[in-house]
$ cat query-v5.pdb   # PDB, C-alpha atoms
ATOM      1  CA  MET A   1     233.519  20.364  82.137
ATOM      2  CA  LYS A   2     232.277  23.952  82.446
ATOM      3  CA  LEU A   3     231.857  24.196  78.680
ATOM      4  CA  LYS A   4     229.804  20.969  78.609
ATOM      5  CA  PHE A   5     227.561  22.276  81.434
ATOM      6  CA  LEU A   6     227.080  25.610  79.637
ATOM      7  CA  TYR A   7     226.240  23.805  76.388
ATOM      8  CA  THR A   8     223.699  21.539  78.164
ATOM      9  CA  PHE A   9     222.154  24.545  79.937
ATOM     10  CA  LEU A  10     221.759  26.469  76.667
ATOM     11  CA  ILE A  11     220.113  23.470  74.983
ATOM     12  CA  CYS A  12     217.653  23.087  77.880
ATOM     13  CA  LEU A  13     216.909  26.805  77.811
ATOM     14  CA  GLY A  14     216.276  26.593  74.073
ATOM     15  CA  LEU A  15     213.918  23.624  74.491
ATOM     16  CA  THR A  16     211.976  25.445  77.205
ATOM     17  CA  THR A  17     211.623  28.503  75.014
ATOM     18  CA  THR A  18     210.566  26.369  72.048
ATOM     19  CA  ILE A  19     207.910  24.534  74.054
ATOM     20  CA  LYS A  20     206.424  27.747  75.427
ATOM     21  CA  ALA A  21     206.458  29.392  72.018
ATOM     22  CA  GLN A  22     204.142  26.681  70.663
ATOM     23  CA  GLU A  23     201.273  27.640  72.981
ATOM     24  CA  THR A  24     198.509  29.443  71.121
ATOM     25  CA  ILE A  25     196.793  32.315  72.915
ATOM     26  CA  LYS A  26     193.114  32.874  72.124
ATOM     27  CA  SER A  27     190.527  35.157  73.637
ATOM     28  CA  LEU A  28     188.511  33.639  76.457
ATOM     29  CA  LYS A  29     185.454  34.842  74.521
ATOM     30  CA  THR A  30     186.102  32.251  71.791
ATOM     31  CA  GLY A  31     184.930  29.484  74.109
ATOM     32  CA  LEU A  32     186.188  25.959  74.605
ATOM     33  CA  PRO A  33     187.597  23.480  73.700
ATOM     34  CA  GLY A  34     190.361  23.977  71.148
ATOM     35  CA  GLU A  35     190.359  22.235  67.815
ATOM     36  CA  ILE A  36     191.702  18.693  67.623
ATOM     37  CA  GLY A  37     195.293  18.651  66.450
ATOM     38  CA  GLU A  38     195.910  22.177  67.649
ATOM     39  CA  GLY A  39     198.796  22.579  70.124
ATOM     40  CA  PRO A  40     198.201  23.733  73.682
ATOM     41  CA  VAL A  41     195.808  26.685  73.747
ATOM     42  CA  TYR A  42     195.667  29.354  76.429
ATOM     43  CA  TYR A  43     192.208  30.950  76.581
ATOM     44  CA  LYS A  44     193.194  34.300  78.072
ATOM     45  CA  ASP A  45     190.917  37.029  79.386
ATOM     46  CA  ILE A  46     192.468  39.501  76.934
ATOM     47  CA  GLU A  47     189.515  41.916  77.140
ATOM     48  CA  ASN A  48     189.406  41.749  80.992
ATOM     49  CA  THR A  49     185.765  40.657  80.871
ATOM     50  CA  LEU A  50     186.113  38.756  84.156
ATOM     51  CA  ASP A  51     187.394  41.789  86.079
ATOM     52  CA  LYS A  52     183.936  43.231  86.814
ATOM     53  CA  TYR A  53     183.147  40.115  88.916
ATOM     54  CA  LEU A  54     186.346  40.328  91.000
ATOM     55  CA  GLU A  55     185.203  41.727  94.296
ATOM     56  CA  THR A  56     183.236  40.809  97.391
ATOM     57  CA  TRP A  57     179.482  40.670  96.874
ATOM     58  CA  LEU A  58     176.906  40.721  99.684
ATOM     59  CA  TYR A  59     173.283  39.632  99.905
ATOM     60  CA  VAL A  60     171.509  40.470 103.142
ATOM     61  CA  ASP A  61     167.821  40.233 104.019
ATOM     62  CA  GLY A  62     166.077  39.662 107.354
ATOM     63  CA  THR A  63     167.281  36.077 107.792
ATOM     64  CA  THR A  64     169.968  35.404 105.185
ATOM     65  CA  TYR A  65     173.535  36.723 104.979
ATOM     66  CA  PHE A  66     175.535  35.624 101.930
ATOM     67  CA  LYS A  67     179.026  36.911 101.134
ATOM     68  CA  ILE A  68     181.095  35.749  98.159
ATOM     69  CA  THR A  69     184.496  36.878  96.960
ATOM     70  CA  PHE A  70     185.678  36.164  93.414
ATOM     71  CA  ILE A  71     189.322  36.144  92.334
ATOM     72  CA  LYS A  72     190.852  35.536  88.915
ATOM     73  CA  LYS A  73     192.993  32.456  88.372
ATOM     74  CA  GLU A  74     195.183  32.840  85.319
ATOM     75  CA  HIS A  75     196.652  30.126  83.090
ATOM     76  CA  THR A  76     194.756  27.350  84.885
ATOM     77  CA  PRO A  77     195.279  23.909  83.311
ATOM     78  CA  LEU A  78     192.260  22.124  81.881
ATOM     79  CA  THR A  79     192.484  18.360  81.948
ATOM     80  CA  GLY A  80     190.728  15.800  79.838
ATOM     81  CA  GLY A  81     191.750  14.479  76.496
ATOM     82  CA  VAL A  82     195.208  14.040  75.058
ATOM     83  CA  LYS A  83     196.475  17.602  75.376
ATOM     84  CA  VAL A  84     196.271  20.140  78.153
ATOM     85  CA  ASP A  85     194.809  23.565  77.442
ATOM     86  CA  TYR A  86     194.834  26.519  79.815
ATOM     87  CA  ARG A  87     192.362  29.245  80.603
ATOM     88  CA  ASP A  88     191.705  32.186  82.851
ATOM     89  CA  MET A  89     188.776  31.685  85.189
ATOM     90  CA  ILE A  90     187.231  33.056  88.313
ATOM     91  CA  ALA A  91     187.047  31.194  91.591
ATOM     92  CA  GLY A  92     185.018  32.064  94.626
ATOM     93  CA  GLU A  93     184.714  31.350  98.279
ATOM     94  CA  TYR A  94     181.651  32.169 100.289
ATOM     95  CA  LEU A  95     179.953  32.451 103.645
ATOM     96  CA  LEU A  96     176.272  31.669 104.159
ATOM     97  CA  LYS A  97     174.458  32.394 107.427
ATOM     98  CA  ILE A  98     170.771  31.775 108.024
ATOM     99  CA  ASN A  99     169.237  33.275 111.154
ATOM    100  CA  GLY A 100     172.766  34.030 112.372
ATOM    101  CA  ILE A 101     173.880  30.404 112.105
ATOM    102  CA  THR A 102     176.765  29.650 109.741
ATOM    103  CA  LYS A 103     175.737  27.026 107.187
ATOM    104  CA  TYR A 104     178.720  27.244 104.822
ATOM    105  CA  ASP A 105     182.064  28.985 105.233
ATOM    106  CA  THR A 106     184.641  28.196 102.569
ATOM    107  CA  TYR A 107     186.911  31.186 103.256
ATOM    108  CA  GLY A 108     190.475  30.037 103.815
ATOM    109  CA  ALA A 109     189.595  26.371 103.393
ATOM    110  CA  ASN A 110     191.756  25.985 100.293
ATOM    111  CA  ASN A 111     193.832  29.140  99.832
ATOM    112  CA  SER A 112     197.065  27.149  99.676
ATOM    113  CA  SER A 113     195.993  25.180  96.608
ATOM    114  CA  ASN A 114     196.676  26.238  93.018
ATOM    115  CA  ASP A 115     194.175  23.674  91.786
ATOM    116  CA  SER A 116     191.123  25.478  90.386
ATOM    117  CA  MET A 117     188.901  22.584  91.416
ATOM    118  CA  ALA A 118     189.918  23.067  95.056
ATOM    119  CA  ASN A 119     187.752  26.164  95.079
ATOM    120  CA  TYR A 120     184.111  25.498  95.720
ATOM    121  CA  ILE A 121     183.124  27.763  92.843
ATOM    122  CA  SER A 122     185.208  28.042  89.688
ATOM    123  CA  GLY A 123     184.834  28.511  85.965
ATOM    124  CA  GLY A 124     183.864  31.349  83.730
ATOM    125  CA  LEU A 125     182.432  30.689  80.306
ATOM    126  CA  ILE A 126     181.502  34.056  78.846
ATOM    127  CA  VAL A 127     177.890  33.974  77.659
ATOM    128  CA  SER A 128     177.729  37.682  76.796
ATOM    129  CA  GLU A 129     179.412  40.914  77.889
ATOM    130  CA  ASN A 130     177.582  40.890  81.244
ATOM    131  CA  LYS A 131     176.737  37.201  81.658
ATOM    132  CA  LEU A 132     179.060  34.519  82.893
ATOM    133  CA  GLU A 133     178.384  30.832  83.340
ATOM    134  CA  ILE A 134     180.213  29.106  86.153
ATOM    135  CA  LEU A 135     180.825  25.563  85.077
ATOM    136  CA  PHE A 136     181.563  24.065  88.472
ATOM    137  CA  TYR A 137     180.412  24.548  91.997
ATOM    138  CA  THR A 138     180.059  22.306  95.007
ATOM    139  CA  GLU A 139     178.542  22.867  98.393
ATOM    140  CA  PRO A 140     180.692  21.815 101.331
ATOM    141  CA  PRO A 141     179.534  19.434 104.074
ATOM    142  CA  LEU A 142     176.843  20.860 106.334
ATOM    143  CA  ASN A 143     178.140  19.385 109.574
ATOM    144  CA  GLY A 144     181.720  18.318 108.851
ATOM    145  CA  LEU A 145     180.858  14.653 109.415
ATOM    146  CA  CYS A 146     179.875  13.788 105.885
ATOM    147  CA  GLU A 147     180.761  14.838 102.402
ATOM    148  CA  ARG A 148     177.799  16.350 100.620
ATOM    149  CA  TYR A 149     178.297  17.339  97.039
ATOM    150  CA  ALA A 150     175.786  19.538  95.309
ATOM    151  CA  SER A 151     177.056  20.514  91.920
ATOM    152  CA  GLY A 152     175.805  22.241  88.855
ATOM    153  CA  LYS A 153     175.980  25.450  86.890
ATOM    154  CA  LEU A 154     175.615  29.025  87.979
ATOM    155  CA  LEU A 155     174.707  31.908  85.709
ATOM    156  CA  LEU A 156     175.989  35.280  86.898
ATOM    157  CA  GLU A 157     174.507  38.413  85.390
ATOM    158  CA  TYR A 158     176.363  41.633  86.106
ATOM    159  CA  THR A 159     174.199  44.770  86.169
ATOM    160  CA  PRO A 160     175.977  48.106  86.534
ATOM    161  CA  ILE A 161     173.799  50.609  88.402
ATOM    162  CA  PHE A 162     174.681  54.270  87.994
ATOM    163  CA  GLY A 163     175.091  56.068  91.308
ATOM    164  CA  SER A 164     174.675  52.906  93.392
ATOM    165  CA  ALA A 165     176.345  49.559  94.070
ATOM    166  CA  ASP A 166     176.445  47.271  91.057
ATOM    167  CA  GLU A 167     174.261  44.166  91.158
ATOM    168  CA  LEU A 168     175.069  40.523  90.528
ATOM    169  CA  ILE A 169     172.117  38.267  89.747
ATOM    170  CA  TRP A 170     172.842  34.642  90.555
ATOM    171  CA  THR A 171     170.846  31.815  88.968
ATOM    172  CA  ARG A 172     171.581  28.205  89.879
ATOM    173  CA  THR A 173     170.645  25.631  87.234
ATOM    174  CA  ASN A 174     171.034  21.903  86.764
ATOM    175  CA  ASN A 175     171.454  21.367  90.504
ATOM    176  CA  GLN A 176     172.042  17.716  91.354
ATOM    177  CA  LEU A 177     172.969  16.046  94.600
ATOM    178  CA  TYR A 178     175.298  13.121  94.260
ATOM    179  CA  GLY A 179     177.809  11.187  96.314
ATOM    180  CA  ASP A 180     176.187  11.696  99.702
ATOM    181  CA  THR A 181     178.056   9.619 102.273
TER
END

$ encode --input "query-v5.pdb" --output "structure tokens"
Amino acid sequence: MKLKFLYTFLICLGLTTTIKAQETIKSLKTGLPGEIGEGPVYYKDIENTLDKYLETWLYVDGTTYFKITFIKKEHTPLTGGVKVDYRDMIAGEYLLKINGITKYDTYGANNSSNDSMANYISGGLIVSENKLEILFYTEPPLNGLCERYASGKLLLEYTPIFGSADELIWTRTNNQLYGDT
């Protein structure tokens, strides 16, 4: 009985190793999606291009306070189509106050989830060395009584500033409201 269990265990271990060995790793800079017929592809941030965005950023003027924190999510599954590919991406949570009144606060709202789409901001298509396009963002409900989805693309432009805090320029494009209930 012990020999049969050991034999079964070794076969399962071999199958697991074989399956994982078939995953192709490509640079995140190569873009998406993988070629048809290609096995699972992991688009990995090999060059650590996303790392410069991974911190807490602040915007403060006389009336607006905006804080966003980006983290890296590695080996995140992409769904859609017959096969599942994986990629590294950034995800962010944020706090927006206008005239001292909190409008949005997504911090801690979904920390327990491994699902990249649970974050209100996630993605990370590399446009150039210092430009990153976020493919998905949503705005949470304003008053907790309804679900308000504003979605679209964000373009982040990282500007290193010698002797001062680096700058992140944020451009929102293709903003559409849908699904208001």

$ residues_around --input "query-v5.pdb" --residues "range 60-62 of chain A" --least-positions-apart "2" --cutoff "10 Å" --atoms "all atoms listed in the file" --output "VMD selection string"
chain A and resid 58 64 to 67 97 to 99

$ resolve_selection --input "query-v5.pdb" --expression "the PyMOL selection byres ((chain A and resi 159) around 8)" --output "PyMOL selection string"
chain A and resi 130+157-158+160-161+166-169

$ resolve_selection --input "query-v5.pdb" --expression "the PyMOL selection byres ((chain A and resi 172) around 9)" --output "PyMOL selection string"
chain A and resi 152-156+170-171+173-175

$ atom_distance --input "query-v5.pdb" --atom1 "CA of Lys29 in chain A" --atom2 "CA of Asn48 in chain A"
10.3 Å

$ resolve_selection --input "query-v5.pdb" --expression "the PyMOL selection byres ((chain A and resi 89) around 7)" --output "list of chain:residue names"
A:Lys72, A:Lys73, A:Glu74, A:Arg87, A:Asp88, A:Ile90, A:Ala91, A:Ser122, A:Gly123, A:Gly124

$ axis_aligned_box --input "query-v5.pdb" --around "range 56-59 of chain A" --padding-each-side "4 Å" --output "lines of an AutoDock Vina configuration file"
center_x = 178.3
center_y = 40.2
center_z = 98.4
size_x = 18.0
size_y = 9.2
size_z = 11.0

$ closest_residue --input "query-v5.pdb" --among "A:Gly92, A:Thr106, A:Thr76, A:Thr24" --to "Phe136 in chain A" --atoms "all atoms listed in the file"
A:Gly92

$ atom_distance --input "query-v5.pdb" --atom1 "CA of Leu95 in chain A" --atom2 "CA of Ser164 in chain A"
23.5 Å

$ atom_distance --input "query-v5.pdb" --atom1 "CA of Thr102 in chain A" --atom2 "CA of Glu133 in chain A"
26.5 Å
